[in-house]
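Shown below: run.cif, with mmCIF, C-alpha atoms and all ligand atoms.
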```cif
data_input
#
loop_
_atom_site.label_atom_id
_atom_site.label_comp_id
_atom_site.auth_asym_id
_atom_site.auth_seq_id
_atom_site.Cartn_x
_atom_site.Cartn_y
_atom_site.Cartn_z
CA MET J 194 10.22 196.34 -40.06
CA PRO J 195 13.42 197.82 -41.49
CA GLU J 196 14.89 195.25 -43.86
CA LEU J 197 18.44 195.07 -45.16
CA PRO J 198 17.89 197.67 -47.93
CA GLU J 199 16.46 200.17 -45.45
CA VAL J 200 19.39 199.62 -43.09
CA GLU J 201 21.88 200.00 -45.94
CA THR J 202 20.13 203.19 -47.01
CA SER J 203 20.37 204.47 -43.45
CA ARG J 204 24.08 203.65 -43.44
CA ARG J 205 24.65 205.54 -46.69
CA GLY J 206 22.51 208.41 -45.45
CA ILE J 207 24.37 209.02 -42.20
CA GLU J 208 27.95 208.00 -43.00
CA PRO J 209 29.04 211.10 -44.95
CA HIS J 210 27.79 213.33 -42.14
CA ILE J 211 29.51 211.61 -39.22
CA VAL J 212 32.79 210.11 -40.52
CA ASP J 213 35.75 211.93 -38.93
CA ALA J 214 33.41 213.60 -36.45
CA THR J 215 34.33 213.55 -32.76
CA ILE J 216 31.67 212.31 -30.37
CA SER J 217 31.16 214.72 -27.51
CA ARG J 218 28.33 213.15 -25.56
CA VAL J 219 25.84 210.28 -25.55
CA ILE J 220 22.40 210.78 -24.07
CA VAL J 221 20.43 207.64 -23.26
CA ARG J 222 16.87 208.55 -22.33
CA GLU J 223 15.57 204.99 -22.27
CA ARG J 224 17.75 201.95 -21.60
CA ARG J 225 14.94 199.41 -21.80
CA LEU J 226 15.16 198.40 -25.43
CA ARG J 227 15.05 194.78 -26.58
CA TRP J 228 18.20 194.41 -24.51
CA PRO J 229 19.19 197.11 -22.02
CA VAL J 230 21.48 199.71 -23.57
CA ALA J 231 24.89 198.85 -22.10
CA ARG J 232 26.54 201.60 -20.05
CA ALA J 233 29.68 200.77 -22.01
CA VAL J 234 28.11 202.61 -24.96
CA ASP J 235 27.81 205.97 -23.20
CA GLN J 236 31.05 205.40 -21.28
CA ASN J 237 33.21 204.56 -24.29
CA LEU J 238 31.87 206.66 -27.16
CA PRO J 239 32.58 210.22 -25.95
CA GLY J 240 35.97 211.41 -27.19
CA GLN J 241 36.06 208.86 -30.01
CA VAL J 242 36.24 209.80 -33.68
CA VAL J 243 33.96 207.94 -36.10
CA SER J 244 36.15 206.10 -38.61
CA SER J 245 33.34 204.56 -40.68
CA VAL J 246 29.74 203.45 -40.56
CA GLY J 247 29.40 199.80 -41.47
CA ARG J 248 26.60 197.32 -41.77
CA ARG J 249 26.47 193.61 -41.02
CA ALA J 250 23.12 191.99 -41.80
CA LYS J 251 20.62 194.46 -40.30
CA TYR J 252 23.07 195.89 -37.76
CA LEU J 253 24.60 199.33 -38.19
CA LEU J 254 28.17 199.59 -36.92
CA ILE J 255 29.40 202.99 -35.81
CA ASN J 256 33.11 202.29 -35.87
CA THR J 257 35.81 204.16 -33.96
CA ASP J 258 39.42 203.30 -33.16
CA GLY J 259 38.36 202.33 -29.65
CA GLY J 260 35.51 200.04 -30.61
CA SER J 261 32.09 200.02 -32.25
CA ALA J 262 28.55 200.83 -31.30
CA ILE J 263 26.27 198.14 -32.75
CA LEU J 264 22.76 199.38 -33.48
CA HIS J 265 19.80 197.23 -34.48
CA LEU J 266 16.70 199.09 -35.63
CA GLY J 267 14.33 196.35 -34.44
CA MET J 268 10.73 196.51 -35.66
CA SER J 269 10.26 200.25 -35.85
CA GLY J 270 13.60 201.94 -35.28
CA SER J 271 15.17 204.69 -37.36
CA VAL J 272 18.10 207.04 -37.23
CA CYS J 273 18.32 210.64 -38.32
CA LEU J 274 20.60 213.63 -37.93
CA VAL J 275 19.42 216.69 -36.05
CA GLU J 276 21.02 219.79 -34.63
CA ARG J 277 21.96 219.61 -30.95
CA ASP J 278 19.18 220.75 -28.60
CA THR J 279 16.46 219.73 -31.06
CA PRO J 280 13.65 218.72 -28.69
CA ALA J 281 13.36 214.95 -28.35
CA SER J 282 10.09 213.11 -28.70
CA VAL J 283 9.02 210.37 -26.32
CA HIS J 284 10.37 207.74 -28.73
CA ASP J 285 13.82 209.32 -29.21
CA HIS J 286 15.76 207.01 -26.92
CA VAL J 287 19.41 207.73 -27.70
CA ASP J 288 21.33 210.75 -29.01
CA ILE J 289 24.97 210.60 -30.06
CA GLU J 290 26.19 214.20 -30.10
CA PHE J 291 29.19 215.40 -32.05
CA GLU J 292 31.48 218.35 -31.39
CA SER J 293 30.17 219.91 -34.60
CA GLY J 294 26.75 220.27 -33.02
CA GLN J 295 25.23 217.51 -35.08
CA THR J 296 23.37 214.74 -33.29
CA LEU J 297 22.63 211.22 -34.47
CA ARG J 298 19.25 210.40 -33.01
CA PHE J 299 17.79 206.93 -32.58
CA ARG J 300 14.02 206.72 -32.50
CA ASP J 301 12.18 203.47 -31.79
CA PRO J 302 8.50 203.57 -30.82
CA ARG J 303 8.21 199.82 -30.19
CA ARG J 304 11.61 199.47 -28.48
CA PHE J 305 12.58 196.22 -30.22
CA GLY J 306 15.86 197.76 -31.31
CA SER J 307 19.10 197.47 -29.38
CA LEU J 308 22.43 199.20 -28.89
CA HIS J 309 25.63 197.43 -27.87
CA TRP J 310 29.32 198.17 -27.50
CA SER J 311 32.08 195.91 -28.76
CA LYS J 312 35.79 196.21 -29.38
CA ASP J 313 35.45 193.55 -32.07
CA PRO J 314 31.90 193.80 -33.44
CA LEU J 315 32.07 190.97 -35.98
CA SER J 316 32.78 188.51 -33.17
CA HIS J 317 29.96 189.84 -30.98
CA PRO J 318 27.55 186.97 -30.14
CA LEU J 319 24.75 188.62 -32.14
CA LEU J 320 26.87 188.77 -35.29
CA SER J 321 29.36 185.93 -35.09
CA ASN J 322 27.10 183.13 -36.36
CA LEU J 323 25.45 185.01 -39.20
CA GLY J 324 25.64 183.71 -42.76
CA PRO J 325 27.32 185.70 -45.53
CA GLU J 326 26.07 189.01 -46.89
CA PRO J 327 23.76 188.53 -49.91
CA LEU J 328 25.63 191.22 -51.88
CA GLY J 329 29.08 189.96 -50.90
CA ASP J 330 31.49 187.73 -52.83
CA GLU J 331 31.08 184.75 -50.52
CA PHE J 332 27.43 184.34 -51.53
CA ASP J 333 27.01 182.49 -54.80
CA GLY J 334 25.23 179.53 -56.35
CA VAL J 335 27.88 177.04 -55.31
CA TYR J 336 27.63 178.19 -51.71
CA LEU J 337 23.82 177.80 -51.58
CA TRP J 338 23.95 174.49 -53.40
CA GLN J 339 26.54 173.07 -50.99
CA LYS J 340 24.70 174.34 -47.89
CA SER J 341 21.40 172.92 -49.12
CA ARG J 342 22.47 169.32 -49.77
CA GLY J 343 20.38 166.94 -47.70
CA ARG J 344 18.07 169.73 -46.50
CA LYS J 345 14.34 168.95 -46.63
CA VAL J 346 13.27 172.46 -45.58
CA SER J 347 11.52 174.51 -48.29
CA VAL J 348 13.81 176.67 -50.39
CA LYS J 349 11.97 179.78 -49.24
CA GLN J 350 12.57 179.07 -45.56
CA PHE J 351 16.13 178.05 -46.42
CA ILE J 352 17.03 181.42 -47.97
CA MET J 353 15.30 183.29 -45.13
CA ASN J 354 17.53 181.56 -42.55
CA ALA J 355 20.09 184.13 -41.36
CA ASN J 356 22.59 181.36 -40.65
CA ILE J 357 22.54 180.56 -44.39
CA VAL J 358 22.43 184.12 -45.77
CA VAL J 359 21.44 187.34 -44.02
CA GLY J 360 18.95 189.96 -45.08
CA VAL J 361 16.58 187.99 -47.32
CA GLY J 362 13.31 189.02 -45.70
CA ASN J 363 9.90 187.59 -46.51
CA ILE J 364 8.99 189.90 -49.38
CA TYR J 365 12.44 189.65 -50.94
CA ALA J 366 12.39 185.84 -50.69
CA SER J 367 9.01 185.61 -52.48
CA GLU J 368 10.09 188.05 -55.16
CA SER J 369 13.44 186.37 -55.78
CA LEU J 370 11.89 182.92 -56.14
CA PHE J 371 9.34 184.30 -58.60
CA ILE J 372 12.04 185.93 -60.70
CA ALA J 373 14.14 182.74 -60.61
CA GLY J 374 11.10 180.61 -61.54
CA ILE J 375 11.56 178.34 -58.52
CA ASN J 376 8.61 176.91 -56.59
CA PRO J 377 8.99 178.19 -53.01
CA ARG J 378 7.73 174.85 -51.63
CA ARG J 379 10.48 172.83 -53.28
CA ALA J 380 12.89 171.17 -50.84
CA ALA J 381 16.15 173.13 -50.71
CA GLY J 382 18.14 169.92 -51.10
CA ARG J 383 16.39 169.01 -54.37
CA ILE J 384 17.39 172.09 -56.36
CA ALA J 385 20.14 171.85 -58.97
CA ARG J 386 23.37 173.85 -58.91
CA GLN J 387 22.49 176.03 -61.93
CA ARG J 388 19.12 176.98 -60.46
CA TYR J 389 20.90 178.27 -57.38
CA ASP J 390 23.04 180.49 -59.65
CA THR J 391 19.80 181.96 -61.04
CA LEU J 392 18.37 182.38 -57.55
CA VAL J 393 21.46 184.19 -56.26
CA ASP J 394 21.28 186.60 -59.21
CA ALA J 395 17.59 187.22 -58.45
CA ILE J 396 18.24 187.86 -54.74
CA ARG J 397 21.04 190.30 -55.55
CA ASN J 398 18.90 192.12 -58.12
CA VAL J 399 15.88 192.45 -55.85
CA LEU J 400 17.94 193.79 -52.95
CA THR J 401 20.00 196.12 -55.14
CA LYS J 402 16.82 197.57 -56.67
CA ALA J 403 15.42 198.18 -53.21
CA ILE J 404 18.62 199.93 -52.10
CA THR J 405 18.57 202.06 -55.25
CA ALA J 406 14.93 202.97 -54.58
CA GLY J 407 15.93 203.91 -51.04
CA GLY J 408 18.58 206.27 -52.34
CA THR J 409 15.85 208.70 -53.32
CA THR J 410 14.88 209.04 -49.66
CA LEU J 411 18.39 209.96 -48.46
CA ARG J 412 17.53 213.60 -47.96
CA ASP J 413 15.13 212.55 -45.21
CA PHE J 414 18.00 211.58 -42.95
CA TYR J 415 19.02 215.14 -42.30
CA GLY J 416 16.68 217.16 -40.17
CA GLY J 417 13.72 214.97 -41.06
CA ASN J 418 12.18 212.30 -38.95
CA GLY J 419 14.28 209.56 -40.50
CA GLU J 420 11.27 207.41 -41.24
CA ALA J 421 12.07 206.23 -44.72
CA GLY J 422 9.39 203.55 -44.60
CA TYR J 423 8.98 200.79 -47.12
CA PHE J 424 10.52 201.55 -50.43
CA GLN J 425 8.04 201.86 -53.21
CA GLN J 426 8.82 199.14 -55.68
CA GLN J 427 6.78 197.24 -58.14
CA LEU J 428 6.24 193.80 -56.66
CA GLU J 429 6.14 190.90 -59.11
CA ALA J 430 4.33 188.35 -56.97
CA TYR J 431 4.14 189.43 -53.34
CA GLY J 432 0.66 190.63 -52.30
CA ARG J 433 -0.86 189.75 -55.70
CA GLU J 434 -3.11 186.79 -54.75
CA ASP J 435 -5.48 185.85 -57.61
CA GLU J 436 -4.04 188.56 -59.82
CA PRO J 437 -2.56 187.43 -63.15
CA CYS J 438 1.07 186.34 -63.17
CA ARG J 439 3.08 188.97 -65.04
CA ARG J 440 4.81 186.21 -66.95
CA CYS J 441 2.08 183.68 -67.85
CA ASN J 442 -1.24 185.22 -66.74
CA ALA J 443 -2.12 182.31 -64.40
CA PRO J 444 -3.50 183.53 -61.05
CA ILE J 445 -0.93 184.07 -58.29
CA THR J 446 -1.35 181.66 -55.35
CA ALA J 447 -0.95 182.63 -51.69
CA ILE J 448 0.17 180.10 -49.09
CA VAL J 449 1.69 180.23 -45.60
CA GLN J 450 5.14 178.79 -44.91
CA GLY J 451 6.67 178.99 -41.45
CA GLN J 452 3.92 181.47 -40.42
CA ARG J 453 4.88 183.81 -43.27
CA SER J 454 2.90 184.57 -46.42
CA THR J 455 4.28 183.31 -49.69
CA TYR J 456 3.00 184.35 -53.12
CA TYR J 457 3.90 182.39 -56.21
CA CYS J 458 2.76 181.21 -59.61
CA LYS J 459 1.95 177.51 -59.69
CA SER J 460 2.29 177.52 -63.44
CA CYS J 461 5.73 179.05 -64.03
CA GLN J 462 7.53 178.42 -60.72
CA THR J 463 8.57 174.78 -60.77
ZN ZN Q 501 3.30 182.46 -64.10
#
```

Hey, can you dump this file as structure tokens for me?
Amino acid sequence: MPELPEVETSRRGIEPHIVDATISRVIVRERRLRWPVARAVDQNLPGQVVSSVGRRAKYLLINTDGGSAILHLGMSGSVCLVERDTPASVHDHVDIEFESGQTLRFRDPRRFGSLHWSKDPLSHPLLSNLGPEPLGDEFDGVYLWQKSRGRKVSVKQFIMNANIVVGVGNIYASESLFIAGINPRRAAGRIARQRYDTLVDAIRNVLTKAITAGGTTLRDFYGGNGEAGYFQQQLEAYGREDEPCRRCNAPITAIVQGQRSTYYCKSCQT
């Protein structure tokens, strides 16, 4: 599933190619995505000029003066740039064509993605209740500490809750808690202020590293199939059950929390 770093990499990959470009046509080959592709998308986009490509959580925002197309990549979606008239595969559901002849193509084999139109995307129902961006200024130790008071939920599930902070997926949550030395089972409300500072730093570092790793795949967005895939990173704890902790050599433990796998070191995560 594309996580925040993959979506951010997609944003950085496509933005320089489509900013200031005029949209000439939108081709929707398949409307039945997770939600039907609104006709407002293909009615409103043609004639508009792209002013920027933004991202909120895992949504890409193709912004124009008249409004924004909101694209979610779902479980298996990807975007790439192709020349007009490049034959579409069965999974290429939407093309946004530009006057230049370039085409932004959305591919989604499992069709869990979605495409919406909004004049005010940040107040769209899908986006309006989301927590702050993990790499933004609003997200810091004080914020997490305040939000967590009185919460009995595990800290791992707490940081994976998109109403608290967006974009901390399962692997990134495990890795951040390992780096911060915090036991993922600990109740969110029982963690001290300073430890939340450490955790926020860890989350930011893990995500930033993933985005940097993704930067090496940028070339794939033009003419390629756009499938960047999971970024190759060294994982500190995730997927390392029974292997020695890189910090203390104790075996890494695997548990399940909220139906998701967690990997941690019982010895140095307290
Ligand atoms: Zn350890």

Using all atoms listed in the file, what does the table of chain J residues within 6 Å of ligand ZN 501 (chain Q) look like, with each row giving the shortest atom pair and its distance in Å to one decimal, sorted by chain and ascending number, as CSV?
```
residue,atom,partner,partner_atom,distance
J:Cys438,CA,Q:ZN501,ZN,4.6
J:Arg440,CA,Q:ZN501,ZN,4.9
J:Cys441,CA,Q:ZN501,ZN,4.1
J:Asn442,CA,Q:ZN501,ZN,5.9
J:Ala443,CA,Q:ZN501,ZN,5.4
J:Cys458,CA,Q:ZN501,ZN,4.7
J:Ser460,CA,Q:ZN501,ZN,5.1
J:Cys461,CA,Q:ZN501,ZN,4.2
```

Option closest in space to Ser293 of chain J, from J:Leu254, J:Leu428, J:Ile211, J:Ala231 [counting all atoms listed in the file]: J:Ile211

- request: Using atom CA of Gly260 of chain J and atom CA of Thr202 of chain J as the two end points, give the distance in Å to one decimal.
  value: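 That distance, rounded to one decimal, is 22.7 Å.
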
Gap from atom CA of Leu320 of chain J to atom CA of Leu266 of chain J - Å, one decimal: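 These two atoms are separated by 14.5 Å.
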
task: For each of J:Arg388, J:Arg224, J:Arg397, J:Arg383, take the minimum atom-to-atom distance to Arg342 of chain J, counting only C-alpha atoms, then give the residue where this is smallest.
output: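 Of all the options, J:Arg383 lies closest to Arg342 of chain J.
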
query: Which neighbours of Met268 of chain J fall inside 7 Å, counting all atoms listed in the file, when residues of the same chain fewer than 3 positions from it are skipped, and could you give them as a VMD selection string?
result: chain J and resid 194 to 195 303 305 to 306

Would you put the residues from that selection into a file with C-alpha atoms, as a compact mmCIF listing (two decimals), in the coordinates of the input?
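As a result, selection27.txt now contains:
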```txt
# COMPACT_ATOMS: atom_id res chain seq x y z
CA MET J 194 10.22 196.34 -40.06
CA PRO J 195 13.42 197.82 -41.49
CA ARG J 303 8.21 199.82 -30.19
CA PHE J 305 12.58 196.22 -30.22
CA GLY J 306 15.86 197.76 -31.31
```

May I have the centre and edge lengths, in Å to one decimal, of an axis-aligned box around the listed atoms of segment 279-282 of chain J with 8 Å added to every side, as lines of an AutoDock Vina configuration file?
```
center_x = 13.3
center_y = 216.4
center_z = -29.7
size_x = 22.4
size_y = 22.6
size_z = 18.7
```

- request: Using only C-alpha atoms, pick whichever of J:Arg227, J:Arg204, J:Arg304, J:Arg222 has the shortest atom-to-atom distance to Ile255 of chain J.
  value: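 Nearest to Ile255 of chain J: J:Arg204.
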
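Distance check against Tyr389 of chain J using only C-alpha atoms: of J:Ile375, J:Ala430, J:Leu274, J:Val449, the minimum falls on J:Ile375.
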
- request: Point out the residue among J:Met353, J:Ala233, J:Ala373, J:Ile263 with the least atom-to-atom distance to Pro327 of chain J, counting all atoms listed in the file.
  value: J:Met353

message: Show me the residues around (23.7, 189.1, -48.5) - criterion: an atom at most 7 Å away, only C-alpha atoms counted - as a VMD selection string.
response: chain J and resid 325 to 329 332 358 to 360

- request: May I have the residues within 10 Å of Gln462 of chain J as a PyMOL selection string, using all atoms listed in the file and disregarding those fewer than 3 positions away in the same chain?
  value: chain J and resi 370-379+457-459

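Taking atom CA of Lys251 of chain J as the reference point, atom CA of Gly267 of chain J is found at 8.8 Å.
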
Which of J:Glu436, J:Asp213, J:Glu368, J:Asp333 sits closest to Thr391 of chain J [using only C-alpha atoms]: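 So, comparing all the options, the nearest one is J:Asp333.
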
- request: Determine, counting all atoms listed in the file, every residue of protein, DNA or RNA that lies within 6 Å of (8.2, 202.5, -36.3) in the file coordinates, then give the result as a list in words.
  value: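 Every residue inside that radius is included here: Ser269, Gly270 and Pro302 of chain J.
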
Would you output that residue set with C-alpha atoms, as a compact mmCIF listing (two decimals), keeping the file's coordinate frame?
```txt
# COMPACT_ATOMS: atom_id res chain seq x y z
CA SER J 269 10.26 200.25 -35.85
CA GLY J 270 13.60 201.94 -35.28
CA PRO J 302 8.50 203.57 -30.82
```

- request: Would you kindly return, as a list in words, each protein, DNA or RNA residue with an atom no farther than 9 Å from any atom of Gly362 of chain J, considering only C-alpha atoms and excluding same-chain residues fewer than 4 positions away?
  value: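 Neighbouring residues, sequence-local ones excluded: Glu196, Leu197, Ile352, Met353, Ala366 and Ser367 of chain J.
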
Residues near Glu434 of chain J, cut-off 7 Å, all atoms listed in the file, skip fewer than 5 positions along chain, as a PyMOL selection string: chain J and resi 445-447+456

Selection: 10 Å around Leu337 of chain J, only C-alpha atoms, excl. self and same-chain fewer than 2 positions, as a PyMOL selection string: chain J and resi 332-335+339-342+351-352+357-358+381-382+384+386+389-390+392-393
